[in-house]
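Note sheet for the following structure.
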Amino acid sequence: MQAWIDFGRGPLFRLAFALMLLGLARILALSLAAAAEAYRRNADRIVDWKQMAWRTLGWLAPAAHLWRRRPLYGTLSFLFHVGLLSVPAFLGAHILLWRRSIGLAWPALPQALADWLTLLTLVCAAGLLVGRLLDRRARAISRSQDYLWLLLLAAPLASGYACSNLAVSPRAYQWLMLLHVYSANLVMALIPFTKIAHCVLAPLSHLVTALAWKFPAGAGDRVAATLGFAGQPSWIEGARAGVAPTAPARSGEEIYSR
Amino acid sequence: MDGARTLVRFPLTPHPDPPRVPALSEEQRRRAYSSARKPEVVEKQRLPVRYHVEDFQLQDRPRRFLEAFAAILKHTNYRLALEHYARVSAKCARCTAQCQVYLASGDPRDIPCYRSELLLGVYRRHFTLAGVLRGRLLGDPGLSDEQIQQMAESFYNCTACRRCWLECPMGIDHGLITHLGRYILSEIGIAPRALVVSTREQLAGATGNTSAIPVPALLDSLEFLSEEMQEAKGIEIPFPVDKVGAQYLFLAPVSDFLMEADTLMGIAAVFRATGDSWTLGTGNYDAINYGLFYSDHVLEHVLRKIRQEAERLQVRAIVIGECGHASRTAKHFYPAFCGGPDALPVLNIMEYTHQAWKQGRLKLDPQAVRERVTYHDPCNIARLGWIVDQPRELLKAFCPNYVEMTPSGRENICCGGGGGTVSIDEIRPYRMLVGGRVKAEQIRATGARYCVAPCANCKKQLRELVEEYGLDCEVVGLHDLLYKAIVFEPETGSGEARGASVD
């Protein structure tokens, strides 16, 4: 058992952590490259940078929105994020781990504060989960990952808290530690591939939206030409009625990849 | 930018919630969602939507949808947004508190995030590697005809007002998704006939405008309006036509020439008072651009038409009349489609009037309108904070009894006819009972006698709402009231030139 734990804390942790970092770096780089391309192909190059920056900052400072609508949900969500970001990075026991794996260390949170934050985060996670289950609006749009993520994020928190605070048998301790290490690794490995990618992408949202509203000149004509309607705009009566669906059948992916 | 200071608020300022509205009764729900279309046509077109659609080909709809989707992704910048939104969407349901359609209908399918997911789901399944692989592994057949039908209905239930975007922590612009969804649908022949027919007249018809007003009729009504103004104000207030080399080319939403005489008279009076040279062009006098509502292809061609006229008349700037979507399309997309950074500047008439007033070139009678007045922000010009403060400053200069709606400005609630839905007459019950339900309550709460709505679409929708809900309120344009308030200088007008006040 201990060997499994050590494997999880050692090579597997480094792998999961690298996967997370590289995965996030990859999507960030792809997004920025796509944004640059969108900027390049738009003819007017007019972007209201100032307004966009304000909008982005407005959402990065959650206090601005906390008290607005759904205040309970907003507060839970905010505290949940605070705990999620601070405890894993600044827990004393983790800092030892960081030093061992990447050779860097930084000041730790006082253990008592970290414990309280962990409990708070767990309460918030439970609140968010209950809220999602009970609110018919949230339920209507929730996918399974929206529920599962709350459970998955709660797993390392709960097991970690139990390990450091509860007097349990050594056997149970090992099981809890195993759960803690492996669930945390799973979280890190999944981050770049799921909605948690918003941890790096969210600040780009307003840039992306502003650029997507930039229409390249001539795009409409080119779309019509690609679809085989060149010279038959949709607004001329019957122009497209006589045109058979483009044969042979091509899938969307084929068109896109030329 | 004048609107910039409204962008950021002190963090703890409470933001007012939209008014609560009673839930739809069974009878209202039935009426709102009833369709005027013949069941056999719905059956034949396999399209259970409430708006009329021209006959089109039904074969292979999913495949054609995906082809159109792919072609659009290839040539535009939408992929950037879809990729991003598909990744970050957290499904938090905050947008539900903002959407006036959802607040009125209570139908989960009207939740902005639910609506966007219809298209994001297709994007994930067919245009991302993970989606394609998963589809193949699970044997998922992919996009179905039913999904297309669902999108065709859903994207036209949305008024594209983009209020939800203000509330999305992830910054997802659901209005952009609605816009894109409609564009893709239009490329496979699914678009409201009302919009398509108007566009056809504008881009390929004999009159070249959406209301099919021929030039002689236009000239007639302009002459008539000038005579009216001569009588009322005692001075000559002309509508210059085809004046080559004028400073401003003025384009109104063309329906104004039929329905909004007072707005046009107010605008002419403003130009008369400032003395700037302006002109209408007989080559193109229609600013309406339904492209914003269903097709980027149309959008670009309408703007190119405006450019032709501006170049023919060698003007130095383009002024768009009181119309939200026309102003936004011209302001936002004219540079992209018509010359890049060197394109002619585009103004909304309210900006022009406000500027002139600030410069002291426009005198207003501070007691001109003594009744209670409120202001409705058209989504297309207020949401981004473009024109928010200017009309308010003007109104406060001549309406001592001015009141705000709650909420207002950038957060104002859509009239319920946005996104072109106001032009689709067959869905009027829906617009009244669902789309405009919150707006009607909002207007009622102000107790205003005049509701100023500087947008042809908002005006039409709000007038219908006033009628439907029995509100004691008159919907007018900003320049309708300005016309009453403008004071002509003695040297430019005759003795009786002072604007008459109303009571």
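Naming works like this for the structure tokens: A, B, ... for the chains as they're shown, residue 1 at the start of each chain, ligands 1 onward in shown order.
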Neighbour list for Trp149 (chain A) as a list in words, cut-off 10 Å, only C-alpha atoms, skip fewer than 6 positions in-chain: Ala125, Leu129, Ala155, Val187, Thr194, Lys195 and Ile196 of chain A
Contacts of Leu15 (chain A) at 12 Å or less, counting only C-alpha atoms, minus same-chain residues fewer than 5 places along, as a PyMOL selection string? chain A and resi 7-10+20-23+101-102+182+185-186+188-189
Export of the given selection (N, CA and C atoms) as a PDB file, in the first residue's frame:
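The resulting out_6.pdb:
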```pdb
ATOM      1  N   PHE A   7       4.227   5.993  -5.009  1.00  0.00           N
ATOM      2  CA  PHE A   7       4.177   6.123  -6.470  1.00  0.00           C
ATOM      3  C   PHE A   7       3.253   7.294  -6.854  1.00  0.00           C
ATOM      4  N   GLY A   8       2.129   7.366  -6.188  1.00  0.00           N
ATOM      5  CA  GLY A   8       1.172   8.446  -6.458  1.00  0.00           C
ATOM      6  C   GLY A   8       1.745   9.808  -6.130  1.00  0.00           C
ATOM      7  N   ARG A   9       2.491   9.857  -5.028  1.00  0.00           N
ATOM      8  CA  ARG A   9       3.058  11.140  -4.609  1.00  0.00           C
ATOM      9  C   ARG A   9       4.299  11.518  -5.405  1.00  0.00           C
ATOM     10  N   GLY A  10       4.919  10.524  -5.987  1.00  0.00           N
ATOM     11  CA  GLY A  10       6.179  10.773  -6.693  1.00  0.00           C
ATOM     12  C   GLY A  10       5.975  10.889  -8.194  1.00  0.00           C
ATOM     13  N   MET A  20      -1.138  18.714 -16.482  1.00  0.00           N
ATOM     14  CA  MET A  20      -1.965  19.891 -16.237  1.00  0.00           C
ATOM     15  C   MET A  20      -1.302  21.137 -16.808  1.00  0.00           C
ATOM     16  N   LEU A  21      -0.047  21.323 -16.459  1.00  0.00           N
ATOM     17  CA  LEU A  21       0.638  22.539 -16.905  1.00  0.00           C
ATOM     18  C   LEU A  21       0.747  22.601 -18.419  1.00  0.00           C
ATOM     19  N   LEU A  22       1.207  21.478 -19.008  1.00  0.00           N
ATOM     20  CA  LEU A  22       1.386  21.486 -20.455  1.00  0.00           C
ATOM     21  C   LEU A  22       0.038  21.588 -21.161  1.00  0.00           C
ATOM     22  N   GLY A  23      -0.945  20.895 -20.616  1.00  0.00           N
ATOM     23  CA  GLY A  23      -2.282  20.942 -21.226  1.00  0.00           C
ATOM     24  C   GLY A  23      -2.842  22.348 -21.202  1.00  0.00           C
ATOM     25  N   SER A 101       9.462  17.678  -5.346  1.00  0.00           N
ATOM     26  CA  SER A 101       9.248  17.362  -6.760  1.00  0.00           C
ATOM     27  C   SER A 101       9.751  18.449  -7.703  1.00  0.00           C
ATOM     28  N   ILE A 102       9.566  19.714  -7.353  1.00  0.00           N
ATOM     29  CA  ILE A 102      10.037  20.740  -8.294  1.00  0.00           C
ATOM     30  C   ILE A 102      11.134  21.617  -7.714  1.00  0.00           C
ATOM     31  N   TYR A 182      -4.500   9.902  -5.187  1.00  0.00           N
ATOM     32  CA  TYR A 182      -4.938   9.529  -6.538  1.00  0.00           C
ATOM     33  C   TYR A 182      -6.051  10.430  -7.045  1.00  0.00           C
ATOM     34  N   ASN A 185      -4.414  13.629  -8.147  1.00  0.00           N
ATOM     35  CA  ASN A 185      -3.749  13.449  -9.442  1.00  0.00           C
ATOM     36  C   ASN A 185      -4.758  13.434 -10.583  1.00  0.00           C
ATOM     37  N   LEU A 186      -5.879  12.771 -10.335  1.00  0.00           N
ATOM     38  CA  LEU A 186      -6.909  12.697 -11.379  1.00  0.00           C
ATOM     39  C   LEU A 186      -7.432  14.103 -11.688  1.00  0.00           C
ATOM     40  N   MET A 188      -5.893  16.949 -11.402  1.00  0.00           N
ATOM     41  CA  MET A 188      -4.909  17.710 -12.177  1.00  0.00           C
ATOM     42  C   MET A 188      -4.857  17.243 -13.627  1.00  0.00           C
ATOM     43  N   ALA A 189      -4.916  15.944 -13.808  1.00  0.00           N
ATOM     44  CA  ALA A 189      -4.802  15.429 -15.174  1.00  0.00           C
ATOM     45  C   ALA A 189      -6.014  15.809 -16.016  1.00  0.00           C
TER      46      ALA A 189
END
```
Could you give me, as a PyMOL selection string, the residues within 8 Å of region 161-176 of chain A, counting only C-alpha atoms and dropping anything in the same chain fewer than 6 positions from it? chain A and resi 1-2+5+115+118-119
Could you save those same residues with C-alpha atoms as a PDB file, in the first residue's frame?
```pdb
ATOM      1  CA  MET A   1       0.000   0.000   0.000  1.00  0.00           C
ATOM      2  CA  GLN A   2       2.713   2.459   0.994  1.00  0.00           C
ATOM      3  CA  ILE A   5       1.044   5.959  -2.116  1.00  0.00           C
ATOM      4  CA  ASP A 115      -8.005  23.218   8.126  1.00  0.00           C
ATOM      5  CA  THR A 118     -10.693  23.055   3.853  1.00  0.00           C
ATOM      6  CA  LEU A 119     -13.861  22.613   5.858  1.00  0.00           C
TER       7      LEU A 119
END
```
What lies within 8 Å of region 80-94 of chain B using only C-alpha atoms, ignoring chain neighbours under 6 positions off, as a short mmCIF file (atom, residue, chain, number, x, y, z; two decimals) with N, CA and C atoms, in the first residue's frame?
```
data_model
loop_
_atom_site.label_atom_id
_atom_site.label_comp_id
_atom_site.auth_asym_id
_atom_site.auth_seq_id
_atom_site.Cartn_x
_atom_site.Cartn_y
_atom_site.Cartn_z
N SER A 31 -5.47 29.24 -28.07
CA SER A 31 -6.46 30.32 -28.03
C SER A 31 -5.85 31.64 -28.48
N ALA A 34 -5.26 31.60 -32.18
CA ALA A 34 -6.51 31.77 -32.92
C ALA A 34 -6.99 33.21 -32.82
N ALA A 35 -6.80 33.82 -31.65
CA ALA A 35 -7.21 35.22 -31.49
C ALA A 35 -6.39 36.12 -32.40
N ALA A 38 -7.65 35.75 -35.88
CA ALA A 38 -8.93 36.45 -36.06
C ALA A 38 -8.70 37.95 -36.20
N ARG A 69 -26.79 39.17 -8.12
CA ARG A 69 -27.94 38.28 -8.24
C ARG A 69 -27.52 36.92 -7.71
N ARG A 70 -28.47 36.17 -7.19
CA ARG A 70 -28.19 34.89 -6.57
C ARG A 70 -27.02 35.04 -5.58
N ARG A 137 -33.64 25.60 -12.50
CA ARG A 137 -32.96 26.28 -13.62
C ARG A 137 -31.58 25.67 -13.84
N ALA A 138 -30.85 25.48 -12.73
CA ALA A 138 -29.51 24.93 -12.86
C ALA A 138 -29.57 23.48 -13.33
N ILE A 141 -29.83 22.79 -17.10
CA ILE A 141 -28.69 22.95 -18.01
C ILE A 141 -27.47 22.16 -17.57
N SER A 142 -27.58 21.42 -16.45
CA SER A 142 -26.40 20.73 -15.94
C SER A 142 -26.11 19.45 -16.72
N ASP A 146 -20.91 18.49 -14.52
CA ASP A 146 -21.12 19.59 -13.58
C ASP A 146 -21.36 19.08 -12.16
N THR A 194 -11.42 19.62 -19.51
CA THR A 194 -12.81 19.81 -19.09
C THR A 194 -13.09 21.28 -18.82
N LYS A 195 -14.27 21.53 -18.26
CA LYS A 195 -14.65 22.94 -18.05
C LYS A 195 -13.73 23.66 -17.07
N ILE A 196 -12.93 22.89 -16.30
CA ILE A 196 -12.04 23.56 -15.35
C ILE A 196 -10.93 24.31 -16.09
N ALA A 197 -10.83 24.06 -17.39
CA ALA A 197 -9.89 24.84 -18.19
C ALA A 197 -10.17 26.33 -18.08
N HIS A 198 -11.34 26.68 -17.55
CA HIS A 198 -11.63 28.11 -17.42
C HIS A 198 -10.63 28.80 -16.50
N LEU A 201 -8.59 30.08 -19.22
CA LEU A 201 -9.26 30.66 -20.38
C LEU A 201 -10.19 31.82 -20.04
N ALA A 202 -10.75 31.81 -18.83
CA ALA A 202 -11.76 32.83 -18.51
C ALA A 202 -11.29 34.27 -18.76
N SER A 205 -12.10 35.56 -22.29
CA SER A 205 -13.47 35.52 -22.84
C SER A 205 -13.85 36.79 -23.59
N VAL A 208 -12.01 37.17 -26.84
CA VAL A 208 -12.53 36.22 -27.82
C VAL A 208 -13.86 36.71 -28.38
N THR A 209 -14.73 37.18 -27.51
CA THR A 209 -16.04 37.64 -27.97
C THR A 209 -15.89 38.85 -28.88
N ALA A 212 -14.64 37.66 -32.20
CA ALA A 212 -15.59 36.86 -32.97
C ALA A 212 -16.64 37.75 -33.62
N ILE B 111 -33.59 29.23 -21.21
CA ILE B 111 -32.40 29.66 -20.48
C ILE B 111 -31.29 29.89 -21.51
N CYS B 113 -28.17 29.72 -21.56
CA CYS B 113 -27.13 28.70 -21.63
C CYS B 113 -27.65 27.41 -22.28
N LEU B 120 -23.50 24.67 -29.40
CA LEU B 120 -22.19 24.24 -28.89
C LEU B 120 -22.09 22.71 -28.92
N GLY B 121 -23.20 22.04 -28.66
CA GLY B 121 -23.21 20.58 -28.70
C GLY B 121 -22.87 20.07 -30.10
N TYR B 123 -21.23 21.70 -32.31
CA TYR B 123 -19.83 22.03 -32.55
C TYR B 123 -18.91 20.98 -31.92
N ARG B 124 -19.20 20.65 -30.66
CA ARG B 124 -18.34 19.66 -29.98
C ARG B 124 -18.38 18.32 -30.69
N GLU B 167 -24.11 38.99 -17.38
CA GLU B 167 -24.20 38.25 -16.13
C GLU B 167 -23.37 36.97 -16.16
N CYS B 168 -22.78 36.66 -17.30
CA CYS B 168 -22.08 35.38 -17.41
C CYS B 168 -20.67 35.50 -16.84
N MET B 170 -18.34 33.54 -17.14
CA MET B 170 -17.38 33.05 -18.11
C MET B 170 -17.32 33.94 -19.35
N ILE B 172 -19.55 34.39 -21.68
CA ILE B 172 -20.11 33.81 -22.90
C ILE B 172 -21.18 34.74 -23.46
#
```
Using 7 Å as the limit and counting only C-alpha atoms, can you tabulate each residue of chain B that touches chain A, with its shortest atom-to-atom distance in Å and the two atoms involved, as CSV?
```
residue,atom,partner,partner_atom,distance
B:Pro11,CA,A:Ala64,CA,4.0
B:Leu12,CA,A:Ala64,CA,6.2
B:Pro14,CA,A:Arg68,CA,6.1
B:His15,CA,A:Arg68,CA,5.9
B:Phe56,CA,A:Ala241,CA,6.7
B:Arg63,CA,A:Ser251,CA,6.7
B:Leu66,CA,A:Gly252,CA,4.8
B:Glu67,CA,A:Gly252,CA,4.7
B:Ala68,CA,A:Leu227,CA,6.7
B:Ala70,CA,A:Gly252,CA,5.1
B:Ala71,CA,A:Val223,CA,5.4
B:Ile72,CA,A:Val223,CA,5.7
B:Lys74,CA,A:Tyr256,CA,5.8
B:His75,CA,A:Ala219,CA,5.4
B:Thr76,CA,A:Pro216,CA,6.2
B:Asn77,CA,A:Ala212,CA,4.9
B:Tyr78,CA,A:Ala212,CA,5.1
B:Leu80,CA,A:Ala34,CA,6.1
B:Ala81,CA,A:Val208,CA,5.7
B:Arg87,CA,A:Lys195,CA,5.4
B:Val88,CA,A:His198,CA,4.9
B:Ser89,CA,A:Lys195,CA,6.4
B:Ala90,CA,A:Lys195,CA,6.3
B:Lys91,CA,A:Ser142,CA,6.0
B:Cys92,CA,A:Ala138,CA,6.4
B:Ala93,CA,A:Ala138,CA,5.1
B:Pro108,CA,A:Ala140,CA,6.0
B:Cys113,CA,A:Ile141,CA,7.0
B:Tyr114,CA,A:Ile141,CA,5.6
B:His126,CA,A:Glu253,CA,6.9
B:Phe127,CA,A:Glu253,CA,6.3
B:Pro169,CA,A:Trp59,CA,6.2
B:Met170,CA,A:Ala202,CA,5.6
B:Gly171,CA,A:Ser205,CA,5.2
B:Ile172,CA,A:Ser205,CA,6.9
B:Asp173,CA,A:Thr209,CA,6.7
B:Val196,CA,A:Trp235,CA,6.4
B:Thr199,CA,A:Trp235,CA,6.4
B:Arg200,CA,A:Trp235,CA,4.8
B:Ala204,CA,A:Ile236,CA,6.5
B:Asp296,CA,A:Gly220,CA,6.0
B:His297,CA,A:Gly220,CA,4.0
B:Pro335,CA,A:Asp44,CA,5.5
B:Ala336,CA,A:Asp44,CA,4.6
B:Phe337,CA,A:Ala217,CA,5.0
B:Gly340,CA,A:Asp44,CA,4.0
B:Pro341,CA,A:Asp44,CA,5.1
```
Could you pull out the alpha helix (DSSP H) residues of region 31-132 of chain A from DSSP and send them as an MDAnalysis selection string? chainID A and resid 31:41 49:60 63:66 71:90 92:102 111:132
Just want the 12 Å neighbourhood of Ala105 (chain A), counted on only C-alpha atoms, with same-chain residues fewer than 2 positions away dropped. Output as a PyMOL selection string. chain A and resi 89-103+107-108
Give me, please, the distance in Å between CA of Val53 (chain B) and CA of Ala239 (chain A), quoted to one decimal. 15.6 Å
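The nearest approach to Ile148 (chain B) among the residues B:Pro19, B:Gly135, B:Gly420, B:Pro48, with only C-alpha atoms taken into account, belongs to B:Pro48.
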